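The structure file coords.tsv is reproduced below (TSV, C-alpha atoms).
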```tsv
chain	number	residue	atom	x	y	z
G	1	MET	CA	-15.01	15.11	-6.37
G	2	ASP	CA	-12.52	12.89	-4.54
G	3	HIS	CA	-12.95	9.13	-4.59
G	4	VAL	CA	-10.60	6.59	-3.00
G	5	ALA	CA	-11.42	2.96	-2.39
G	6	LEU	CA	-10.05	-0.51	-1.83
G	7	VAL	CA	-12.17	-2.94	-3.80
G	8	ASP	CA	-12.58	-6.71	-3.98
G	9	ASP	CA	-14.28	-6.84	-7.38
G	10	PRO	CA	-12.73	-6.04	-10.78
G	11	ILE	CA	-12.10	-2.33	-11.32
G	12	ASP	CA	-14.37	-0.72	-13.91
G	13	HIS	CA	-11.73	1.61	-15.32
G	14	ALA	CA	-14.06	3.13	-17.91
G	15	ALA	CA	-16.56	4.10	-15.23
G	16	LEU	CA	-13.75	5.44	-13.03
G	17	THR	CA	-12.44	7.59	-15.86
G	18	GLU	CA	-15.96	8.77	-16.71
G	19	SER	CA	-16.48	9.75	-13.06
G	20	VAL	CA	-13.73	12.39	-13.15
G	21	ARG	CA	-14.84	14.08	-16.37
G	22	SER	CA	-15.98	17.66	-15.95
G	23	ASP	CA	-16.85	20.71	-17.98
G	24	GLN	CA	-14.20	22.50	-15.90
G	25	ALA	CA	-11.46	20.17	-17.18
G	26	GLY	CA	-9.69	20.23	-20.51
G	27	ALA	CA	-7.69	17.09	-19.74
G	28	VAL	CA	-8.33	13.67	-18.24
G	29	VAL	CA	-5.50	11.23	-17.49
G	30	SER	CA	-6.14	7.64	-16.50
G	31	PHE	CA	-3.48	5.19	-15.31
G	32	LEU	CA	-3.95	1.45	-14.88
G	33	GLY	CA	-1.56	-0.93	-13.14
G	34	THR	CA	-1.98	-4.47	-14.49
G	35	VAL	CA	-0.64	-7.89	-13.55
G	36	ARG	CA	2.51	-8.58	-15.58
G	37	GLU	CA	3.62	-12.08	-16.50
G	38	MET	CA	7.40	-11.70	-16.60
G	39	THR	CA	9.66	-10.20	-13.92
G	40	GLY	CA	13.15	-10.64	-15.32
G	41	ASP	CA	13.24	-14.32	-16.26
G	42	ARG	CA	10.62	-15.38	-13.71
G	43	ARG	CA	7.07	-16.14	-14.75
G	44	THR	CA	4.08	-14.99	-12.68
G	45	VAL	CA	0.74	-16.83	-12.85
G	46	ALA	CA	-1.18	-14.61	-10.42
G	47	LEU	CA	-0.81	-12.00	-7.68
G	48	ASP	CA	-2.49	-11.80	-4.29
G	49	TYR	CA	-2.92	-8.33	-2.80
G	50	ASP	CA	-3.36	-7.62	0.90
G	51	ALA	CA	-3.75	-4.31	2.71
G	52	TYR	CA	-3.94	-2.61	6.06
G	53	PRO	CA	-7.28	-1.22	4.94
G	54	GLN	CA	-7.94	1.62	7.38
G	55	MET	CA	-4.45	3.10	6.98
G	56	ALA	CA	-4.40	2.44	3.23
G	57	GLU	CA	-7.55	4.45	2.69
G	58	ALA	CA	-6.28	7.20	5.02
G	59	LYS	CA	-3.01	7.40	3.07
G	60	MET	CA	-4.87	7.47	-0.25
G	61	ARG	CA	-6.96	10.38	1.00
G	62	GLU	CA	-3.75	12.10	2.20
G	63	LEU	CA	-2.25	11.69	-1.29
G	64	VAL	CA	-5.31	13.20	-2.91
G	65	ALA	CA	-5.12	16.19	-0.55
G	66	GLU	CA	-1.43	16.68	-1.36
G	67	THR	CA	-2.19	16.45	-5.06
G	68	ARG	CA	-4.80	19.17	-4.72
G	69	GLU	CA	-2.23	21.41	-3.01
G	70	LYS	CA	0.18	20.97	-5.92
G	71	TRP	CA	-2.11	21.06	-8.97
G	72	PRO	CA	-5.53	22.60	-9.68
G	73	VAL	CA	-7.15	19.24	-10.33
G	74	VAL	CA	-10.92	19.12	-10.76
G	75	ASN	CA	-11.72	15.49	-9.85
G	76	VAL	CA	-9.63	12.58	-8.60
G	77	ALA	CA	-10.46	8.89	-8.35
G	78	VAL	CA	-8.14	6.15	-7.05
G	79	GLU	CA	-9.05	2.50	-6.60
G	80	HIS	CA	-6.81	-0.41	-5.56
G	81	ARG	CA	-8.03	-3.95	-5.86
G	82	LEU	CA	-7.33	-6.60	-3.21
G	83	GLY	CA	-7.40	-10.38	-3.32
G	84	HIS	CA	-6.42	-12.78	-6.10
G	85	LEU	CA	-5.67	-11.29	-9.53
G	86	GLU	CA	-4.91	-13.18	-12.72
G	87	LEU	CA	-2.52	-12.03	-15.46
G	88	GLY	CA	-3.62	-8.83	-17.16
G	89	GLU	CA	-6.14	-7.86	-14.51
G	90	ILE	CA	-6.18	-4.29	-13.20
G	91	SER	CA	-4.69	-3.94	-9.72
G	92	VAL	CA	-4.83	-0.16	-9.44
G	93	ALA	CA	-6.48	2.70	-11.31
G	94	VAL	CA	-5.92	6.44	-11.03
G	95	ALA	CA	-8.02	8.96	-12.91
G	96	VAL	CA	-7.60	12.70	-12.67
G	97	SER	CA	-9.04	15.69	-14.48
G	98	ALA	CA	-7.53	19.16	-14.66
G	99	PRO	CA	-7.84	22.31	-16.74
G	100	HIS	CA	-4.70	21.49	-18.76
G	101	ARG	CA	-2.88	18.30	-19.75
G	102	ASP	CA	0.43	19.02	-17.99
G	103	GLN	CA	-1.43	19.34	-14.69
G	104	ALA	CA	-3.36	16.13	-15.29
G	105	PHE	CA	-0.28	14.12	-16.30
G	106	GLU	CA	1.81	15.41	-13.39
G	107	ALA	CA	-0.96	14.89	-10.83
G	108	GLY	CA	-1.64	11.37	-12.06
G	109	ARG	CA	2.06	10.52	-12.00
G	110	TYR	CA	2.39	11.86	-8.45
G	111	LEU	CA	-0.60	9.85	-7.24
G	112	ILE	CA	0.59	6.50	-8.57
G	113	ASP	CA	4.26	7.05	-7.66
G	114	GLU	CA	3.46	8.03	-4.07
G	115	LEU	CA	0.84	5.31	-3.71
G	116	LYS	CA	3.46	2.71	-4.50
G	117	VAL	CA	5.81	3.84	-1.73
G	118	ARG	CA	3.39	4.98	0.95
G	119	VAL	CA	0.06	3.17	0.88
G	120	PRO	CA	0.16	-0.05	2.95
G	121	VAL	CA	-0.73	-2.61	0.30
G	122	TRP	CA	1.36	-5.68	-0.52
G	123	LYS	CA	1.53	-8.08	-3.41
G	124	LYS	CA	2.41	-11.75	-3.22
G	125	GLU	CA	3.85	-13.38	-6.32
G	126	ASN	CA	2.46	-16.75	-7.35
G	127	TRP	CA	5.35	-18.00	-9.49
G	128	ALA	CA	4.93	-20.51	-12.28
G	129	ASP	CA	7.06	-23.02	-10.33
G	130	GLY	CA	4.36	-23.18	-7.64
G	131	THR	CA	6.17	-21.09	-5.01
G	132	THR	CA	4.81	-17.88	-3.54
G	133	GLU	CA	6.68	-14.83	-2.31
G	134	TRP	CA	5.69	-11.50	-0.73
G	135	VAL	CA	7.21	-8.56	-2.55
G	136	HIS	CA	8.95	-6.20	-0.13
G	137	PRO	CA	11.26	-3.73	-1.92
G	138	GLY	CA	14.68	-3.53	-0.29
G	139	VAL	CA	14.24	-6.78	1.62
G	140	GLU	CA	15.90	-9.99	0.46
G	141	SER	CA	13.63	-12.85	-0.50
G	142	SER	CA	12.70	-15.19	2.32
Q	16	MET	CA	0.66	-1.22	28.96
Q	17	ASN	CA	-0.58	-3.95	26.70
Q	18	VAL	CA	-0.27	-3.32	22.97
Q	19	ALA	CA	-1.87	-5.49	20.29
Q	20	VAL	CA	0.40	-5.18	17.25
Q	21	GLN	CA	-1.22	-5.90	13.89
Q	22	LEU	CA	1.10	-7.63	11.43
Q	23	PHE	CA	0.81	-7.81	7.65
Q	24	ALA	CA	2.25	-9.64	4.65
Q	25	ARG	CA	5.51	-11.52	5.27
Q	26	ALA	CA	5.63	-10.40	8.90
Q	27	ARG	CA	2.26	-12.03	9.61
Q	28	ASP	CA	3.26	-15.20	7.78
Q	29	LEU	CA	6.56	-15.50	9.68
Q	30	VAL	CA	4.79	-15.10	13.03
Q	31	GLY	CA	1.87	-17.29	12.02
Q	32	GLY	CA	-0.89	-14.83	12.87
Q	33	SER	CA	-1.92	-11.34	13.90
Q	34	PRO	CA	-2.17	-9.47	16.19
Q	35	VAL	CA	0.68	-10.10	18.62
Q	36	GLU	CA	0.19	-8.92	22.18
Q	37	LEU	CA	3.18	-7.12	23.72
Q	38	GLU	CA	3.63	-5.79	27.24
Q	39	LEU	CA	5.45	-2.45	27.10
Q	40	ALA	CA	6.37	0.08	29.75
Q	41	ASP	CA	4.23	3.22	29.87
Q	42	GLY	CA	5.87	5.80	27.62
Q	43	ALA	CA	7.57	3.14	25.51
Q	44	THR	CA	8.77	4.24	22.09
Q	45	VAL	CA	8.61	2.62	18.69
Q	46	ALA	CA	12.23	1.52	19.20
Q	47	ASP	CA	11.20	-0.23	22.42
Q	48	LEU	CA	8.37	-1.93	20.57
Q	49	ARG	CA	10.80	-3.14	17.91
Q	50	THR	CA	13.02	-4.69	20.60
Q	51	ALA	CA	10.07	-6.35	22.32
Q	52	LEU	CA	8.74	-7.67	19.02
Q	53	ARG	CA	12.12	-9.19	18.16
Q	54	GLU	CA	12.21	-11.02	21.51
Q	55	ARG	CA	8.58	-12.14	21.34
Q	56	CYS	CA	8.72	-13.22	17.69
Q	57	PRO	CA	12.20	-14.58	16.91
Q	58	THR	CA	10.97	-15.95	13.57
Q	59	LEU	CA	10.87	-12.36	12.27
Q	60	GLY	CA	14.67	-12.46	12.34
Q	61	ASP	CA	16.35	-10.18	9.82
Q	62	LEU	CA	13.04	-8.63	8.83
Q	63	VAL	CA	12.78	-6.59	12.05
Q	64	PRO	CA	15.01	-3.67	10.94
Q	65	HIS	CA	12.99	-3.39	7.72
Q	66	LEU	CA	9.62	-3.20	9.44
Q	67	HIS	CA	7.64	0.01	9.36
Q	68	VAL	CA	5.72	0.83	12.50
Q	69	ALA	CA	2.41	2.67	12.25
Q	70	VAL	CA	0.86	4.33	15.29
Q	71	GLY	CA	-2.67	5.64	14.89
Q	72	GLN	CA	-2.59	4.68	11.20
Q	73	ASP	CA	0.43	6.84	10.40
Q	74	TYR	CA	4.13	6.05	9.96
Q	75	ALA	CA	6.02	6.53	13.24
Q	76	ALA	CA	9.75	7.13	13.77
Q	77	ASP	CA	11.72	5.08	16.30
Q	78	ASP	CA	11.69	7.90	18.88
Q	79	THR	CA	7.90	8.24	18.81
Q	80	ALA	CA	6.23	7.46	22.13
Q	81	ILE	CA	3.30	5.06	21.87
Q	82	PRO	CA	0.18	6.41	23.58
Q	83	ALA	CA	-1.83	3.95	25.67
Q	84	GLY	CA	-4.66	2.51	23.61
Q	85	ALA	CA	-3.12	3.51	20.28
Q	86	GLU	CA	-3.68	1.39	17.18
Q	87	VAL	CA	-0.28	-0.12	16.33
Q	88	ALA	CA	0.81	-2.06	13.26
Q	89	CYS	CA	4.10	-3.45	11.91
Q	90	PHE	CA	4.70	-4.30	8.30
Q	91	PRO	CA	7.48	-4.73	5.73
Q	92	PRO	CA	8.00	-2.28	2.84
Q	93	VAL	CA	4.86	-1.83	0.76
Q	94	SER	CA	4.42	-3.12	-2.78
Q	95	GLY	CA	1.02	-2.03	-3.99
Q	96	GLY	CA	0.29	-0.81	-7.47
```

Representation of the structure as structure tokens:
Amino acid sequence: MDHVALVDDPIDHAALTESVRSDQAGAVVSFLGTVREMTGDRRTVALDYDAYPQMAEAKMRELVAETREKWPVVNVAVEHRLGHLELGEISVAVAVSAPHRDQAFEAGRYLIDELKVRVPVWKKENWADGTTEWVHPGVESS
Amino acid sequence: MNVAVQLFARARDLVGGSPVELELADGATVADLRTALRERCPTLGDLVPHLHVAVGQDYAADDTAIPAGAEVACFPPVSGG
């Protein structure tokens, strides 16, 4: 089972993890990305996420296919939330099942690492001082 | 050919909307699009070299020719997760 989705509502990480469980798997790994308050000495109050939705879902499916070429995963589920997220909320969830734990850990790590550099989704910081700023790695702040 | 370029994140904010309509020569490449976008949208300024260009929902290199009717988007480095 492969599941990828961009979602507007809060991610049900327990249901996502449950969805990848299988009698064929001896290991399930689940990763959550959550909204962090401090970046260095700057304080975040919220994040806004935007996406190029058609390409984002295509790239997520591409990542799942690559993952299946590299590891014998049983089920994969990836969801990224869009819109306005408060501190502590889940922005992204990856769940993967595999016969053995090394495969599950490595596959999950690959999915989240590649998602962060390849899937067209962007976060905008809402800083505590009232300013906002798109996060674009490698580009100086505007 | 006329190309409607979708913009996202800081690029869309700097331009003030999306898409931007560009008139490109038939057979124009991604590099040509970058040049035309810089002229059409001077507010993008120093962001232009950082922009990724997607053609048909996939990342395209500067020497890629843009097919007529292709879906084209420009956006700064991604920051999901």

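If you measure from each of G:Ala65, G:Leu32, G:Val4, G:Ala128 to chain Q using only C-alpha atoms, the closest one turns out to be G:Leu32.
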
*asked:* Tell me as a VMD selection string which residues belonging to chain Q come within 7 Å of chain G, counting only C-alpha atoms.
replied: chain Q and resid 24 to 25 72 91 to 96

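CA of Ala85 in chain Q is positioned 12.1 Å from CA of Val68 in chain Q.
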
Show which residues sit within 12 Å of Glu18 in chain G, as a tab-separated table (two decimals) with C-alpha atoms, in the frame of the given file. Count all atoms listed in the file, and ignore same-chain residues fewer than 4 positions away.
```tsv
chain	number	residue	atom	x	y	z
G	12	ASP	CA	-14.37	-0.72	-13.91
G	13	HIS	CA	-11.73	1.61	-15.32
G	14	ALA	CA	-14.06	3.13	-17.91
G	22	SER	CA	-15.98	17.66	-15.95
G	28	VAL	CA	-8.33	13.67	-18.24
G	29	VAL	CA	-5.50	11.23	-17.49
G	30	SER	CA	-6.14	7.64	-16.50
G	75	ASN	CA	-11.72	15.49	-9.85
G	76	VAL	CA	-9.63	12.58	-8.60
G	77	ALA	CA	-10.46	8.89	-8.35
G	94	VAL	CA	-5.92	6.44	-11.03
G	95	ALA	CA	-8.02	8.96	-12.91
G	96	VAL	CA	-7.60	12.70	-12.67
G	97	SER	CA	-9.04	15.69	-14.48
```

_Nearby residues (all atoms listed in the file) at most 12 Å from Ala88 in chain Q, same-chain spacing under 4 positions excluded, as JSON, numbers by chain_ = {"G": [51, 52, 53, 54, 55, 120], "Q": [18, 19, 20, 21, 22, 23, 24, 26, 27, 33, 34, 35, 36, 37, 45, 48, 49, 52, 66, 67, 68, 69, 70, 71, 72, 73, 74, 75, 81]}

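Between CA of Arg21 in chain G and CA of Asp2 in chain G the separation is 12.1 Å.
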
*Interatomic distance between CA of Thr67 in chain G and CA of Ala98 in chain G?*
11.3 Å

Enclosing box along x, y and z for every listed atom of range 21-39 of chain Q, padded 5 Å each side, centre and size in Å, one decimal, as AutoDock Vina command-line options:
```
--center_x 2.2 --center_y -9.9 --center_z 15.9 --size_x 18.7 --size_y 24.8 --size_z 32.6
```

Excluding Glu37 in chain G and its own-chain neighbours fewer than 3 positions away, which residues fall within 10 Å of it when counting only C-alpha atoms? Please give them as a JSON list (two decimals) with C-alpha atoms, in the coordinates of the input.
```json
[["chain", "number", "residue", "atom", "x", "y", "z"],
["G", 34, "THR", "CA", -1.98, -4.47, -14.49],
["G", 40, "GLY", "CA", 13.15, -10.64, -15.32],
["G", 41, "ASP", "CA", 13.24, -14.32, -16.26],
["G", 42, "ARG", "CA", 10.62, -15.38, -13.71],
["G", 43, "ARG", "CA", 7.07, -16.14, -14.75],
["G", 44, "THR", "CA", 4.08, -14.99, -12.68],
["G", 45, "VAL", "CA", 0.74, -16.83, -12.85],
["G", 46, "ALA", "CA", -1.18, -14.61, -10.42],
["G", 47, "LEU", "CA", -0.81, -12.00, -7.68],
["G", 86, "GLU", "CA", -4.91, -13.18, -12.72],
["G", 87, "LEU", "CA", -2.52, -12.03, -15.46],
["G", 88, "GLY", "CA", -3.62, -8.83, -17.16],
["G", 127, "TRP", "CA", 5.35, -18.00, -9.49],
["G", 128, "ALA", "CA", 4.93, -20.51, -12.28]]
```
